[in-house]
Structure formats: C-alpha cells, structure tokens
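Raw model-v8.tsv, TSV, C-alpha atoms and all ligand atoms:
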chain	number	residue	atom	x	y	z
A	1	MET	CA	-12.38	29.16	-9.47
A	2	ASP	CA	-15.59	28.44	-7.56
A	3	VAL	CA	-16.03	25.32	-5.46
A	4	ILE	CA	-18.39	23.52	-7.82
A	5	THR	CA	-16.12	23.95	-10.84
A	6	SER	CA	-13.13	22.71	-8.89
A	7	ILE	CA	-15.09	19.70	-7.64
A	8	LYS	CA	-16.18	18.82	-11.14
A	9	GLU	CA	-12.58	19.02	-12.28
A	10	THR	CA	-11.42	16.86	-9.41
A	11	LEU	CA	-14.08	14.27	-10.16
A	12	GLY	CA	-13.31	14.40	-13.87
A	13	LYS	CA	-9.60	13.86	-13.20
A	14	ALA	CA	-10.29	11.07	-10.72
A	15	ILE	CA	-12.28	9.23	-13.36
A	16	LYS	CA	-9.67	9.76	-16.08
A	17	THR	CA	-6.61	8.79	-14.07
A	18	GLY	CA	-7.99	5.36	-13.28
A	19	VAL	CA	-5.79	2.94	-11.36
A	20	ASP	CA	-2.37	4.60	-11.03
A	21	LYS	CA	-1.42	3.96	-7.38
A	22	SER	CA	0.35	7.20	-6.41
A	23	ASN	CA	-2.25	9.23	-8.24
A	24	GLU	CA	-4.93	7.36	-6.35
A	25	ILE	CA	-3.65	8.63	-3.02
A	26	VAL	CA	-3.44	12.18	-4.37
A	27	GLU	CA	-6.96	11.95	-5.74
A	28	ILE	CA	-8.31	10.54	-2.49
A	29	THR	CA	-6.70	13.42	-0.59
A	30	LYS	CA	-8.13	15.96	-3.04
A	31	LEU	CA	-11.56	14.42	-2.85
A	32	LYS	CA	-11.43	14.44	0.94
A	33	PHE	CA	-10.57	18.15	0.89
A	34	ALA	CA	-13.37	18.87	-1.56
A	35	LEU	CA	-15.72	16.80	0.57
A	36	SER	CA	-14.90	18.72	3.73
A	37	ASP	CA	-15.38	21.99	1.79
A	38	ILE	CA	-18.83	20.84	0.76
A	39	GLU	CA	-19.65	19.76	4.28
A	40	SER	CA	-18.69	23.16	5.68
A	41	ASP	CA	-20.75	24.83	2.90
A	42	ILE	CA	-23.71	22.72	4.00
A	43	SER	CA	-23.27	23.77	7.65
A	44	LYS	CA	-23.04	27.41	6.62
A	45	LEU	CA	-26.20	27.18	4.50
A	46	MET	CA	-27.99	25.44	7.36
A	47	ARG	CA	-27.01	28.32	9.64
A	48	ASP	CA	-28.17	30.90	7.07
A	49	ILE	CA	-31.53	29.16	6.78
A	50	GLY	CA	-31.88	29.10	10.55
A	51	GLU	CA	-31.14	32.82	10.73
A	52	SER	CA	-33.59	33.63	7.92
A	53	VAL	CA	-36.33	31.62	9.59
A	54	TYR	CA	-35.72	33.36	12.89
A	55	GLU	CA	-35.60	36.81	11.26
A	56	ALA	CA	-38.94	36.09	9.57
A	57	TYR	CA	-40.39	34.91	12.88
A	58	LYS	CA	-39.17	38.02	14.65
A	59	GLU	CA	-40.69	40.31	12.01
A	60	ASN	CA	-43.84	38.19	12.03
A	61	LYS	CA	-43.42	37.44	8.30
A	62	GLU	CA	-43.51	34.33	6.13
A	63	PRO	CA	-40.04	32.87	5.55
A	64	ASP	CA	-38.86	34.20	2.17
A	65	GLU	CA	-37.77	32.51	-1.06
A	66	GLU	CA	-34.13	32.70	-0.12
A	67	ILE	CA	-34.78	29.80	2.21
A	68	ASN	CA	-36.08	27.58	-0.59
A	69	ALA	CA	-33.12	28.51	-2.76
A	70	ASN	CA	-30.74	27.62	0.05
A	71	CYS	CA	-32.52	24.31	0.67
A	72	ALA	CA	-32.18	23.43	-3.01
A	73	LEU	CA	-28.50	24.31	-2.80
A	74	ILE	CA	-28.08	22.04	0.22
A	75	ALA	CA	-29.79	19.15	-1.57
A	76	GLU	CA	-27.42	19.65	-4.49
A	77	LYS	CA	-24.41	19.70	-2.18
A	78	TYR	CA	-25.53	16.54	-0.38
A	79	GLU	CA	-25.69	14.84	-3.76
A	80	GLN	CA	-22.18	16.00	-4.63
A	81	ALA	CA	-20.91	14.82	-1.26
A	82	GLU	CA	-22.48	11.41	-1.82
A	83	GLU	CA	-20.88	11.18	-5.27
A	84	MET	CA	-17.52	12.05	-3.74
A	85	ARG	CA	-17.79	9.47	-0.97
A	86	ALA	CA	-18.59	6.82	-3.58
A	87	LYS	CA	-15.58	7.93	-5.63
A	88	ILE	CA	-13.30	7.82	-2.56
A	89	ASN	CA	-14.54	4.30	-1.76
A	90	GLU	CA	-13.95	3.26	-5.35
A	91	LEU	CA	-10.40	4.59	-5.28
A	92	LYS	CA	-9.79	2.84	-1.97
A	93	LYS	CA	-11.22	-0.34	-3.49
A	94	LEU	CA	-14.04	-0.26	-1.01
A	95	THR	CA	-17.67	-1.01	-1.49
A	96	GLN	CA	-20.65	0.31	0.39
A	97	CYS	CA	-23.19	-1.88	2.15
A	98	PRO	CA	-26.58	-1.23	0.49
A	99	LYS	CA	-28.32	-1.73	3.83
A	100	CYS	CA	-26.32	0.22	6.43
A	101	GLY	CA	-24.00	2.27	4.18
A	102	CYS	CA	-20.89	1.01	5.95
A	103	ALA	CA	-17.74	0.98	3.73
A	104	MET	CA	-15.81	-2.27	3.40
A	105	ASP	CA	-13.46	-4.24	1.21
A	106	LYS	CA	-14.69	-4.91	-2.33
A	107	ASP	CA	-14.03	-8.64	-1.93
A	108	ALA	CA	-16.12	-8.95	1.23
A	109	GLN	CA	-19.07	-11.31	0.90
A	110	PHE	CA	-21.03	-10.00	3.84
A	111	CYS	CA	-21.22	-6.66	5.63
A	112	SER	CA	-19.04	-6.78	8.74
A	113	LYS	CA	-21.41	-4.43	10.53
A	114	CYS	CA	-24.95	-5.59	9.75
A	115	GLY	CA	-24.31	-8.97	8.06
A	116	GLU	CA	-26.06	-8.03	4.81
A	117	LYS	CA	-24.99	-10.25	1.87
A	118	LEU	CA	-23.02	-8.17	-0.64
A	119	ALA	CA	-23.19	-8.63	-4.39
B	1	ZN	ZN	-24.24	-3.30	6.41
Show me, as structure tokens, the structure contained in the file I just sent.
Amino acid sequence: MDVITSIKETLGKAIKTGVDKSNEIVEITKLKFALSDIESDISKLMRDIGESVYEAYKENKEPDEEINANCALIAEKYEQAEEMRAKINELKKLTQCPKCGCAMDKDAQFCSKCGEKLA
C-alpha cells in the first residue's frame, strides 16, 4: 500500500471512530506516524529538487520539469500534513490559534502564547 492510500485510510478511520477514548490514542499515534512519514517525504523531495537544480546548473541547462512535478508533490504533502495536524488537535481536544497557530485547549478563551481571542 502506498503512503497516500494509507494516510487516506487513517484519516477516514479517524473520522469514523469519533470519540472512543482508547481508539483516540491509537488514532493519534497512527496520525503522528503518518505525519512523520510525510515530513520525511517532504525532506527527501526537497533534497531531490536541490540536486536537480544543481545538476542543471552544472550542465548549464534550464532546470527540468521534474522539479515542477516535485514542487507540486511537496505542496500536496504540506496540505496533507496540515490536515493531519488539525485532526490530531481535534482528537486531543485542542484548538489552533488562528493568529500564531499555537495549539491549545478547546475551552481556552484566549491564546496563551499571543493573547489572541479565540472563538
Ligand atoms: Zn496565538
């Protein structure tokens, strides 16, 4: 199973299982694993892009299309990572400050980091 399929399944399951406490912890753990997979994919793609750019420079050529494709892939992975962080926060009953992005308790009225009023 490729990474994206397994992530989609994990997310799907996380949504379906809802509020069962022991499942929550399992889902959080799974999501954290999936998230670190995505993050290492992003680093690898970044490295590939760097190499491609340097190769092109060395050969005195324009960087090729592979770079664009990899950039698009990275953008997609960043989106998935963001979705996962939101899901983890939701499972942990945390909310995210709209201003600084800091995670805190859902019941908090103000951000403990930047003081932004939370909805
Ligand atoms: Zn804040």
Which residues are close to Met46 of chain A, i.e. within 12 Å by only C-alpha atoms, leaving aside same-chain residues fewer than 2 positions away? Reply as a list in words. Glu39, Ser40, Asp41, Ile42, Ser43, Lys44, Asp48, Ile49, Gly50, Glu51, Ser52, Val53, Ile67, Asn68, Ala69, Asn70, Cys71, Ala72, Leu73, Ile74, Ala75 and Lys77 of chain A
Identify which of the residues A:Asn23, A:Ser36, A:Asn89, A:Asn60 lies closest to Lys106 of chain A, counting all atoms listed in the file when measuring atom-to-atom distances.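 Between A:Asn23, A:Ser36, A:Asn89, A:Asn60, the residue approaching Lys106 of chain A most closely is A:Asn89.
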Interatomic distance between atom CA of Lys87 of chain A and atom CA of Leu45 of chain A?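 Taking atom CA of Lys87 of chain A as the start and atom CA of Leu45 of chain A as the end point, the length is 24.2 Å.
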Residues within 10 Å of ligand ZN 1 (chain B), counting all atoms listed in the file: report them as a tab-separated table (two decimals) with C-alpha atoms, in the coordinates of the input.
chain	number	residue	atom	x	y	z
A	96	GLN	CA	-20.65	0.31	0.39
A	97	CYS	CA	-23.19	-1.88	2.15
A	98	PRO	CA	-26.58	-1.23	0.49
A	99	LYS	CA	-28.32	-1.73	3.83
A	100	CYS	CA	-26.32	0.22	6.43
A	101	GLY	CA	-24.00	2.27	4.18
A	102	CYS	CA	-20.89	1.01	5.95
A	103	ALA	CA	-17.74	0.98	3.73
A	104	MET	CA	-15.81	-2.27	3.40
A	110	PHE	CA	-21.03	-10.00	3.84
A	111	CYS	CA	-21.22	-6.66	5.63
A	112	SER	CA	-19.04	-6.78	8.74
A	113	LYS	CA	-21.41	-4.43	10.53
A	114	CYS	CA	-24.95	-5.59	9.75
A	115	GLY	CA	-24.31	-8.97	8.06
A	116	GLU	CA	-26.06	-8.03	4.81
A	117	LYS	CA	-24.99	-10.25	1.87
A	118	LEU	CA	-23.02	-8.17	-0.64
Step by step, gather every atom of segment 54-71 of chain A that the file lists, find the box along x, y and z that holds them, add 8 Å on each side, and finally give centre and edge lengths in Å to one decimal, as AutoDock Vina command-line options.
--center_x -37.3 --center_y 32.3 --center_z 5.9 --size_x 29.1 --size_y 32.0 --size_z 33.4
Counting only C-alpha atoms, which of A:Thr5, A:Asp107, A:Tyr54, A:Leu91 gets nearest to Glu24 of chain A?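 That would be A:Leu91, the residue with the smallest distance to Glu24 of chain A.
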In Å, with one decimal, what is the gap from atom CA of Ala108 of chain A to atom CA of Thr95 of chain A?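 We find that atom CA of Ala108 of chain A and atom CA of Thr95 of chain A lie 8.5 Å from each other.
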Go ahead and compute the interatomic distance for atom CA of Ile25 of chain A and atom CA of Lys93 of chain A, in Å to one decimal. 11.7 Å
Using only C-alpha atoms, which of the listed residues (A:Glu90, A:Asp64, A:Glu83, A:Glu55) sits closest to Leu35 of chain A?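 Residue with the minimum atom-to-atom distance to Leu35 of chain A: A:Glu83.
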